[in-house]
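> File entry14.pdb below, PDB, C-alpha atoms, pLDDT in the B column:
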ATOM      1  CA  MET A 379      25.787 -23.273  49.822  1.00 62.00           C
ATOM      2  CA  ASP A 380      27.255 -21.431  52.708  1.00 73.00           C
ATOM      3  CA  VAL A 381      28.487 -18.011  53.661  1.00 83.00           C
ATOM      4  CA  ASP A 382      30.507 -17.761  50.463  1.00 88.00           C
ATOM      5  CA  ILE A 383      27.467 -16.703  48.450  1.00 89.00           C
ATOM      6  CA  ILE A 384      27.150 -13.621  50.652  1.00 89.00           C
ATOM      7  CA  PHE A 385      30.786 -12.722  50.079  1.00 90.00           C
ATOM      8  CA  LYS A 386      30.329 -13.316  46.357  1.00 91.00           C
ATOM      9  CA  ILE A 387      27.429 -10.860  46.170  1.00 90.00           C
ATOM     10  CA  ALA A 388      29.273  -8.297  48.285  1.00 90.00           C
ATOM     11  CA  SER A 389      32.355  -8.557  46.094  1.00 91.00           C
ATOM     12  CA  ILE A 390      30.287  -8.203  42.917  1.00 91.00           C
ATOM     13  CA  GLY A 391      28.696  -5.101  44.372  1.00 90.00           C
ATOM     14  CA  ILE A 392      31.984  -3.486  45.268  1.00 91.00           C
ATOM     15  CA  LEU A 393      33.484  -4.501  41.927  1.00 92.00           C
ATOM     16  CA  THR A 394      30.660  -2.986  39.907  1.00 92.00           C
ATOM     17  CA  ALA A 395      30.907   0.211  41.910  1.00 91.00           C
ATOM     18  CA  VAL A 396      34.637   0.467  41.257  1.00 93.00           C
ATOM     19  CA  ILE A 397      34.316  -0.362  37.571  1.00 93.00           C
ATOM     20  CA  GLY A 398      31.498   2.139  37.237  1.00 92.00           C
ATOM     21  CA  GLN A 399      33.622   4.847  38.789  1.00 92.00           C
ATOM     22  CA  ILE A 400      36.610   4.051  36.589  1.00 93.00           C
ATOM     23  CA  LEU A 401      34.545   4.099  33.415  1.00 93.00           C
ATOM     24  CA  LYS A 402      32.804   7.297  34.483  1.00 92.00           C
ATOM     25  CA  ASN A 403      36.102   9.073  35.167  1.00 93.00           C
ATOM     26  CA  SER A 404      37.549   7.915  31.854  1.00 93.00           C
ATOM     27  CA  GLY A 405      34.660   9.603  30.140  1.00 90.00           C
ATOM     28  CA  LYS A 406      32.621   6.544  29.086  1.00 88.00           C
ATOM     29  CA  ASP A 407      29.434   7.205  31.066  1.00 89.00           C
ATOM     30  CA  ASP A 408      27.114   4.992  29.029  1.00 92.00           C
ATOM     31  CA  ILE A 409      29.382   1.953  29.405  1.00 92.00           C
ATOM     32  CA  SER A 410      29.591   2.509  33.163  1.00 92.00           C
ATOM     33  CA  THR A 411      25.802   2.412  33.503  1.00 92.00           C
ATOM     34  CA  LEU A 412      25.814  -0.793  31.436  1.00 93.00           C
ATOM     35  CA  ALA A 413      28.499  -2.264  33.689  1.00 92.00           C
ATOM     36  CA  THR A 414      26.578  -1.516  36.872  1.00 91.00           C
ATOM     37  CA  LEU A 415      23.419  -2.882  35.258  1.00 92.00           C
ATOM     38  CA  ALA A 416      25.255  -6.106  34.361  1.00 93.00           C
ATOM     39  CA  GLY A 417      26.449  -6.440  37.953  1.00 92.00           C
ATOM     40  CA  VAL A 418      22.938  -6.079  39.285  1.00 92.00           C
ATOM     41  CA  VAL A 419      21.602  -8.632  36.794  1.00 94.00           C
ATOM     42  CA  ILE A 420      24.241 -11.196  37.744  1.00 94.00           C
ATOM     43  CA  VAL A 421      23.448 -10.795  41.432  1.00 92.00           C
ATOM     44  CA  LEU A 422      19.719 -11.115  40.753  1.00 92.00           C
ATOM     45  CA  PHE A 423      20.302 -14.379  38.895  1.00 94.00           C
ATOM     46  CA  MET A 424      22.183 -15.743  41.897  1.00 91.00           C
ATOM     47  CA  VAL A 425      19.440 -14.649  44.300  1.00 91.00           C
ATOM     48  CA  VAL A 426      16.707 -16.147  42.125  1.00 93.00           C
ATOM     49  CA  GLY A 427      18.605 -19.433  41.988  1.00 92.00           C
ATOM     50  CA  LEU A 428      18.920 -19.454  45.775  1.00 90.00           C
ATOM     51  CA  ILE A 429      15.226 -18.747  46.326  1.00 90.00           C
ATOM     52  CA  ALA A 430      14.377 -21.497  43.829  1.00 92.00           C
ATOM     53  CA  ASP A 431      16.411 -23.886  45.999  1.00 89.00           C
ATOM     54  CA  LEU A 432      14.503 -22.742  49.083  1.00 88.00           C
ATOM     55  CA  PHE A 433      11.111 -23.273  47.465  1.00 89.00           C
ATOM     56  CA  SER A 434      12.064 -26.698  46.119  1.00 90.00           C
ATOM     57  CA  SER A 435      13.223 -27.815  49.582  1.00 86.00           C
ATOM     58  CA  ILE A 436       9.962 -26.486  51.059  1.00 84.00           C
ATOM     59  CA  LYS A 437       7.981 -28.414  48.446  1.00 84.00           C
ATOM     60  CA  THR A 438       9.842 -31.665  49.130  1.00 84.00           C
ATOM     61  CA  MET A 439       9.364 -31.024  52.848  1.00 79.00           C
ATOM     62  CA  PHE A 440       5.613 -30.713  52.574  1.00 77.00           C
ATOM     63  CA  SER A 441       5.182 -33.504  50.050  1.00 76.00           C
ATOM     64  CA  PHE A 442       7.121 -35.654  52.555  1.00 72.00           C
ATOM     65  CA  ALA A 443       4.774 -34.452  55.310  1.00 68.00           C
ATOM     66  CA  SER A 444       1.587 -35.186  53.391  1.00 69.00           C
ATOM     67  CA  LEU A 445       3.054 -38.543  52.396  1.00 69.00           C
ATOM     68  CA  LEU A 446       3.533 -39.306  56.056  1.00 65.00           C
ATOM     69  CA  LEU A 447      -0.125 -38.926  56.992  1.00 61.00           C
TER
ATOM     70  CA  MET B 507      23.475 -27.722  67.781  1.00 78.00           C
ATOM     71  CA  GLU B 508      25.945 -27.001  65.021  1.00 82.00           C
ATOM     72  CA  THR B 509      23.125 -25.943  62.704  1.00 83.00           C
ATOM     73  CA  LEU B 510      22.411 -23.261  65.291  1.00 87.00           C
ATOM     74  CA  TYR B 511      26.035 -22.111  65.122  1.00 89.00           C
ATOM     75  CA  LYS B 512      25.803 -22.070  61.338  1.00 88.00           C
ATOM     76  CA  ILE B 513      22.640 -19.975  61.450  1.00 90.00           C
ATOM     77  CA  ILE B 514      24.185 -17.551  63.937  1.00 92.00           C
ATOM     78  CA  GLY B 515      27.345 -17.314  61.827  1.00 91.00           C
ATOM     79  CA  ILE B 516      25.415 -16.616  58.650  1.00 91.00           C
ATOM     80  CA  ALA B 517      23.303 -13.962  60.361  1.00 92.00           C
ATOM     81  CA  ILE B 518      26.320 -12.124  61.758  1.00 93.00           C
ATOM     82  CA  VAL B 519      28.229 -12.329  58.487  1.00 92.00           C
ATOM     83  CA  THR B 520      25.199 -11.031  56.589  1.00 92.00           C
ATOM     84  CA  CYS B 521      24.824  -8.060  58.920  1.00 92.00           C
ATOM     85  CA  ILE B 522      28.498  -7.174  58.574  1.00 91.00           C
ATOM     86  CA  ALA B 523      28.402  -7.580  54.786  1.00 89.00           C
ATOM     87  CA  CYS B 524      25.323  -5.371  54.617  1.00 90.00           C
ATOM     88  CA  PHE B 525      27.056  -2.797  56.763  1.00 90.00           C
ATOM     89  CA  VAL B 526      30.144  -2.787  54.586  1.00 88.00           C
ATOM     90  CA  VAL B 527      28.348  -2.618  51.255  1.00 88.00           C
ATOM     91  CA  LYS B 528      25.698  -0.066  52.285  1.00 89.00           C
ATOM     92  CA  PRO B 529      27.755   3.127  51.672  1.00 88.00           C
ATOM     93  CA  ILE B 530      29.126   1.694  48.412  1.00 85.00           C
ATOM     94  CA  ARG B 531      25.889   0.405  46.947  1.00 83.00           C
ATOM     95  CA  ALA B 532      22.655   0.575  48.932  1.00 85.00           C
ATOM     96  CA  ASP B 533      20.665  -1.823  46.703  1.00 86.00           C
ATOM     97  CA  PHE B 534      23.220  -4.607  47.126  1.00 88.00           C
ATOM     98  CA  ALA B 535      22.934  -4.277  50.898  1.00 89.00           C
ATOM     99  CA  THR B 536      19.232  -5.164  50.832  1.00 89.00           C
ATOM    100  CA  ILE B 537      19.921  -8.008  48.378  1.00 90.00           C
ATOM    101  CA  ILE B 538      22.559  -9.367  50.738  1.00 90.00           C
ATOM    102  CA  SER B 539      20.161  -9.223  53.685  1.00 91.00           C
ATOM    103  CA  ILE B 540      17.543 -11.095  51.668  1.00 90.00           C
ATOM    104  CA  VAL B 541      20.090 -13.756  50.695  1.00 91.00           C
ATOM    105  CA  GLY B 542      21.127 -14.111  54.334  1.00 91.00           C
ATOM    106  CA  GLY B 543      17.498 -14.658  55.302  1.00 89.00           C
ATOM    107  CA  VAL B 544      17.081 -17.279  52.609  1.00 90.00           C
ATOM    108  CA  LEU B 545      20.196 -19.132  53.770  1.00 90.00           C
ATOM    109  CA  VAL B 546      18.998 -19.182  57.377  1.00 89.00           C
ATOM    110  CA  LEU B 547      15.627 -20.512  56.225  1.00 87.00           C
ATOM    111  CA  ILE B 548      17.263 -23.264  54.172  1.00 86.00           C
ATOM    112  CA  TYR B 549      19.259 -24.433  57.174  1.00 85.00           C
ATOM    113  CA  SER B 550      16.301 -24.319  59.521  1.00 84.00           C
ATOM    114  CA  MET B 551      14.265 -26.461  57.090  1.00 81.00           C
ATOM    115  CA  SER B 552      15.980 -29.629  58.332  1.00 76.00           C
ATOM    116  CA  TYR B 553      14.432 -29.161  61.759  1.00 78.00           C
ATOM    117  CA  LEU B 554      10.997 -28.724  60.193  1.00 78.00           C
ATOM    118  CA  SER B 555      11.121 -32.241  58.729  1.00 75.00           C
ATOM    119  CA  ASP B 556      11.792 -33.727  62.192  1.00 78.00           C
ATOM    120  CA  VAL B 557       8.768 -31.882  63.543  1.00 80.00           C
ATOM    121  CA  PHE B 558       6.607 -33.258  60.741  1.00 79.00           C
ATOM    122  CA  GLY B 559       7.829 -36.775  61.429  1.00 78.00           C
ATOM    123  CA  LEU B 560       6.885 -36.478  65.073  1.00 83.00           C
ATOM    124  CA  PHE B 561       3.491 -34.977  64.295  1.00 80.00           C
ATOM    125  CA  GLY B 562       2.804 -37.714  61.763  1.00 78.00           C
ATOM    126  CA  ASN B 563       3.257 -40.425  64.382  1.00 80.00           C
ATOM    127  CA  ILE B 564       1.086 -38.574  66.883  1.00 81.00           C
ATOM    128  CA  PHE B 565      -1.691 -38.144  64.341  1.00 78.00           C
ATOM    129  CA  HIS B 566      -1.593 -41.838  63.462  1.00 79.00           C
ATOM    130  CA  ILE B 567      -1.986 -42.729  67.109  1.00 81.00           C
ATOM    131  CA  THR B 568      -5.026 -40.480  67.590  1.00 77.00           C
ATOM    132  CA  GLY B 569      -6.653 -42.221  64.645  1.00 72.00           C
ATOM    133  CA  ILE B 570      -8.759 -39.181  63.760  1.00 70.00           C
ATOM    134  CA  ASN B 571      -9.284 -38.823  59.993  1.00 68.00           C
ATOM    135  CA  THR B 572      -5.964 -37.547  58.664  1.00 69.00           C
ATOM    136  CA  SER B 573      -7.317 -35.059  56.089  1.00 73.00           C
ATOM    137  CA  ILE B 574      -7.718 -32.568  58.919  1.00 74.00           C
ATOM    138  CA  TYR B 575      -4.035 -32.781  59.793  1.00 75.00           C
ATOM    139  CA  SER B 576      -2.877 -32.289  56.213  1.00 79.00           C
ATOM    140  CA  VAL B 577      -4.711 -28.968  56.321  1.00 83.00           C
ATOM    141  CA  VAL B 578      -2.729 -28.113  59.462  1.00 82.00           C
ATOM    142  CA  PHE B 579       0.512 -28.779  57.607  1.00 82.00           C
ATOM    143  CA  LYS B 580      -0.642 -26.690  54.641  1.00 85.00           C
ATOM    144  CA  VAL B 581      -1.503 -23.802  56.950  1.00 88.00           C
ATOM    145  CA  ILE B 582       1.975 -24.014  58.475  1.00 85.00           C
ATOM    146  CA  GLY B 583       3.466 -23.888  54.993  1.00 85.00           C
ATOM    147  CA  ILE B 584       1.361 -20.921  53.983  1.00 89.00           C
ATOM    148  CA  GLY B 585       2.295 -19.052  57.140  1.00 91.00           C
ATOM    149  CA  TYR B 586       5.948 -19.857  56.513  1.00 87.00           C
ATOM    150  CA  LEU B 587       5.947 -18.536  52.945  1.00 89.00           C
ATOM    151  CA  THR B 588       3.805 -15.451  53.543  1.00 93.00           C
ATOM    152  CA  GLU B 589       5.988 -14.456  56.492  1.00 92.00           C
ATOM    153  CA  PHE B 590       9.074 -14.920  54.310  1.00 90.00           C
ATOM    154  CA  THR B 591       7.658 -12.737  51.521  1.00 92.00           C
ATOM    155  CA  ALA B 592       6.316 -10.121  53.912  1.00 94.00           C
ATOM    156  CA  SER B 593       9.709  -9.725  55.595  1.00 91.00           C
ATOM    157  CA  ILE B 594      11.377  -9.324  52.188  1.00 90.00           C
ATOM    158  CA  CYS B 595       8.855  -6.624  51.290  1.00 93.00           C
ATOM    159  CA  THR B 596       9.468  -4.744  54.531  1.00 92.00           C
ATOM    160  CA  ASP B 597      13.226  -5.068  54.003  1.00 89.00           C
ATOM    161  CA  THR B 598      13.043  -3.460  50.587  1.00 88.00           C
ATOM    162  CA  GLY B 599      10.983  -0.655  52.098  1.00 89.00           C
ATOM    163  CA  ASN B 600       7.432  -1.189  50.839  1.00 91.00           C
ATOM    164  CA  ALA B 601       5.620  -2.116  54.038  1.00 92.00           C
ATOM    165  CA  SER B 602       2.160  -1.735  52.497  1.00 95.00           C
ATOM    166  CA  LEU B 603       2.917  -4.600  50.111  1.00 95.00           C
ATOM    167  CA  ALA B 604       3.948  -6.753  53.087  1.00 95.00           C
ATOM    168  CA  ASP B 605       0.585  -6.134  54.774  1.00 95.00           C
ATOM    169  CA  LYS B 606      -1.239  -7.120  51.589  1.00 95.00           C
ATOM    170  CA  VAL B 607       0.738 -10.349  51.353  1.00 95.00           C
ATOM    171  CA  LEU B 608      -0.106 -11.126  54.966  1.00 95.00           C
ATOM    172  CA  LEU B 609      -3.785 -10.379  54.301  1.00 96.00           C
ATOM    173  CA  GLY B 610      -3.771 -12.725  51.318  1.00 95.00           C
ATOM    174  CA  GLY B 611      -2.143 -15.449  53.384  1.00 95.00           C
ATOM    175  CA  LYS B 612      -4.685 -15.055  56.171  1.00 95.00           C
ATOM    176  CA  LEU B 613      -7.572 -15.273  53.689  1.00 96.00           C
ATOM    177  CA  ILE B 614      -6.180 -18.457  52.146  1.00 94.00           C
ATOM    178  CA  ILE B 615      -5.722 -19.976  55.604  1.00 93.00           C
ATOM    179  CA  LEU B 616      -9.304 -19.023  56.500  1.00 93.00           C
ATOM    180  CA  VAL B 617     -10.642 -20.660  53.365  1.00 93.00           C
ATOM    181  CA  MET B 618      -8.710 -23.824  54.098  1.00 89.00           C
ATOM    182  CA  ALA B 619      -9.878 -23.928  57.715  1.00 88.00           C
ATOM    183  CA  LEU B 620     -13.594 -23.780  56.842  1.00 91.00           C
ATOM    184  CA  PRO B 621     -14.020 -27.536  56.142  1.00 85.00           C
ATOM    185  CA  ILE B 622     -12.524 -28.311  59.537  1.00 84.00           C
ATOM    186  CA  VAL B 623     -15.053 -26.042  61.225  1.00 87.00           C
ATOM    187  CA  LYS B 624     -17.821 -27.750  59.277  1.00 88.00           C
ATOM    188  CA  SER B 625     -16.668 -31.213  60.316  1.00 83.00           C
ATOM    189  CA  ILE B 626     -16.490 -30.116  63.959  1.00 84.00           C
ATOM    190  CA  LEU B 627     -20.031 -28.780  63.738  1.00 90.00           C
ATOM    191  CA  ASN B 628     -21.206 -32.086  62.255  1.00 89.00           C
ATOM    192  CA  ILE B 629     -19.614 -33.953  65.149  1.00 85.00           C
ATOM    193  CA  VAL B 630     -21.284 -31.626  67.657  1.00 90.00           C
ATOM    194  CA  VAL B 631     -24.680 -31.997  65.977  1.00 91.00           C
ATOM    195  CA  GLU B 632     -24.355 -35.789  66.112  1.00 90.00           C
ATOM    196  CA  LEU B 633     -23.674 -35.607  69.861  1.00 88.00           C
ATOM    197  CA  LEU B 634     -26.834 -33.660  70.542  1.00 85.00           C
ATOM    198  CA  PRO B 635     -29.829 -35.843  71.591  1.00 78.00           C
TER
END
So that I can check it, write out the structure of this file as structure tokens.

Amino acid sequence: MDVDIIFKIASIGILTAVIGQILKNSGKDDISTLATLAGVVIVLFMVVGLIADLFSSIKTMFSFASLLL
Amino acid sequence: METLYKIIGIAIVTCIACFVVKPIRADFATIISIVGGVLVLIYSMSYLSDVFGLFGNIFHITGINTSIYSVVFKVIGIGYLTEFTASICTDTGNASLADKVLLGGKLIILVMALPIVKSILNIVVELLP
């Protein structure tokens, strides 16, 4: 849970762009759109997981706070 | 202090990553900036718990009925989350949605603050001769 997740997302982005270009040049346009779509979906799953972590830590924080009172 | 260095490091790395990825894929750049914001928030959460601990002790000392202070904590939480969502909305470009989220947050805070106002009024009325 550190800076590596940012590098992971950046690398996925660059990778999907490259793969899309390669597929497009080799004539398979439909597969290239699918490839870029798959890249975006993978990144969205990672982001959703991260935001879920944030919300769970917020919830524990505030349940701890209300427990304190 | 090292959490501060971590936050600064993450922010700088996110900006550079956004900058690099923007010409290649613009949508990933905004996703990276959102992820950077989330990471900074996660790291700054640890300080929030210390603040709550301190406030809890203070509230116990004052001895005033603690339900009022739990509302204060809830309002802080609401402000925290609405600000987080509003900044994501402005990042992705739809500023009008961000204003609506802020409006919703303000309304919820107002509704939660009403019982406090009522209890203050009751106290004032009791003081009057």
> Care to translate the PyMOL selection byres ((chain B) within 10 of (chain A)) into actual residues of this file, as an mmCIF file with C-alpha atoms, in the coordinates of the input?

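That gives us result01.cif:
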data_model
loop_
_atom_site.group_PDB
_atom_site.id
_atom_site.type_symbol
_atom_site.label_atom_id
_atom_site.label_comp_id
_atom_site.auth_asym_id
_atom_site.auth_seq_id
_atom_site.Cartn_x
_atom_site.Cartn_y
_atom_site.Cartn_z
ATOM 1 C CA LYS B 512 25.803 -22.070 61.338
ATOM 2 C CA ILE B 513 22.640 -19.975 61.450
ATOM 3 C CA GLY B 515 27.345 -17.314 61.827
ATOM 4 C CA ILE B 516 25.415 -16.616 58.650
ATOM 5 C CA ALA B 517 23.303 -13.962 60.361
ATOM 6 C CA VAL B 519 28.229 -12.329 58.487
ATOM 7 C CA THR B 520 25.199 -11.031 56.589
ATOM 8 C CA ALA B 523 28.402 -7.580 54.786
ATOM 9 C CA CYS B 524 25.323 -5.371 54.617
ATOM 10 C CA VAL B 526 30.144 -2.787 54.586
ATOM 11 C CA VAL B 527 28.348 -2.618 51.255
ATOM 12 C CA LYS B 528 25.698 -0.066 52.285
ATOM 13 C CA ILE B 530 29.126 1.694 48.412
ATOM 14 C CA ARG B 531 25.889 0.405 46.947
ATOM 15 C CA ALA B 532 22.655 0.575 48.932
ATOM 16 C CA ASP B 533 20.665 -1.823 46.703
ATOM 17 C CA PHE B 534 23.220 -4.607 47.126
ATOM 18 C CA ALA B 535 22.934 -4.277 50.898
ATOM 19 C CA ILE B 537 19.921 -8.008 48.378
ATOM 20 C CA ILE B 538 22.559 -9.367 50.738
ATOM 21 C CA SER B 539 20.161 -9.223 53.685
ATOM 22 C CA ILE B 540 17.543 -11.095 51.668
ATOM 23 C CA VAL B 541 20.090 -13.756 50.695
ATOM 24 C CA GLY B 542 21.127 -14.111 54.334
ATOM 25 C CA VAL B 544 17.081 -17.279 52.609
ATOM 26 C CA LEU B 545 20.196 -19.132 53.770
ATOM 27 C CA VAL B 546 18.998 -19.182 57.377
ATOM 28 C CA LEU B 547 15.627 -20.512 56.225
ATOM 29 C CA ILE B 548 17.263 -23.264 54.172
ATOM 30 C CA TYR B 549 19.259 -24.433 57.174
ATOM 31 C CA MET B 551 14.265 -26.461 57.090
ATOM 32 C CA SER B 552 15.980 -29.629 58.332
ATOM 33 C CA LEU B 554 10.997 -28.724 60.193
ATOM 34 C CA SER B 555 11.121 -32.241 58.729
ATOM 35 C CA ASP B 556 11.792 -33.727 62.192
ATOM 36 C CA VAL B 557 8.768 -31.882 63.543
ATOM 37 C CA PHE B 558 6.607 -33.258 60.741
ATOM 38 C CA GLY B 559 7.829 -36.775 61.429
ATOM 39 C CA PHE B 561 3.491 -34.977 64.295
ATOM 40 C CA GLY B 562 2.804 -37.714 61.763
ATOM 41 C CA ASN B 563 3.257 -40.425 64.382
ATOM 42 C CA ILE B 564 1.086 -38.574 66.883
ATOM 43 C CA PHE B 565 -1.691 -38.144 64.341
ATOM 44 C CA HIS B 566 -1.593 -41.838 63.462
ATOM 45 C CA ASN B 571 -9.284 -38.823 59.993
ATOM 46 C CA THR B 572 -5.964 -37.547 58.664
ATOM 47 C CA SER B 573 -7.317 -35.059 56.089
ATOM 48 C CA TYR B 575 -4.035 -32.781 59.793
ATOM 49 C CA SER B 576 -2.877 -32.289 56.213
ATOM 50 C CA VAL B 577 -4.711 -28.968 56.321
ATOM 51 C CA PHE B 579 0.512 -28.779 57.607
ATOM 52 C CA LYS B 580 -0.642 -26.690 54.641
ATOM 53 C CA ILE B 582 1.975 -24.014 58.475
ATOM 54 C CA GLY B 583 3.466 -23.888 54.993
ATOM 55 C CA TYR B 586 5.948 -19.857 56.513
ATOM 56 C CA LEU B 587 5.947 -18.536 52.945
#
> For B:Val581, which residue out of B:Thr568, B:Met618, B:Leu510, B:Lys624 is the nearest one, using all atoms listed in the file?
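The shortest atom-to-atom distance to B:Val581 comes from B:Met618.
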> Show me, as a count of residues only, the residues that have an atom within 12 Å of A:Ile400 when counting all atoms listed in the file, minus same-chain residues fewer than 6 positions from it.
9
> If I take atom CA of B:Glu589 and atom CA of A:Ile420, how far is one from the other in Å, to one decimal?
26.4 Å
> Would you compute the distance between atom CA of A:Lys402 and atom CA of B:Ile522? Give it in Å to one decimal.
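Going from atom CA of A:Lys402 over to atom CA of B:Ile522, I get 28.4 Å.
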> In Å, with one decimal, what is the gap from atom CA of B:Val617 to atom CA of B:Ser593?
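Taking atom CA of B:Val617 and atom CA of B:Ser593, their separation equals 23.2 Å.
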> Using the file's own x, y and z axes, what box holds all listed atoms of stretch 418-430 of chain A with 5 Å on each side, keeping edges along x, y and z, and what are its centre and edge lengths in Å to one decimal, as lines of an AutoDock Vina configuration file?

center_x = 19.3
center_y = -13.8
center_z = 41.6
size_x = 19.9
size_y = 25.4
size_z = 19.5
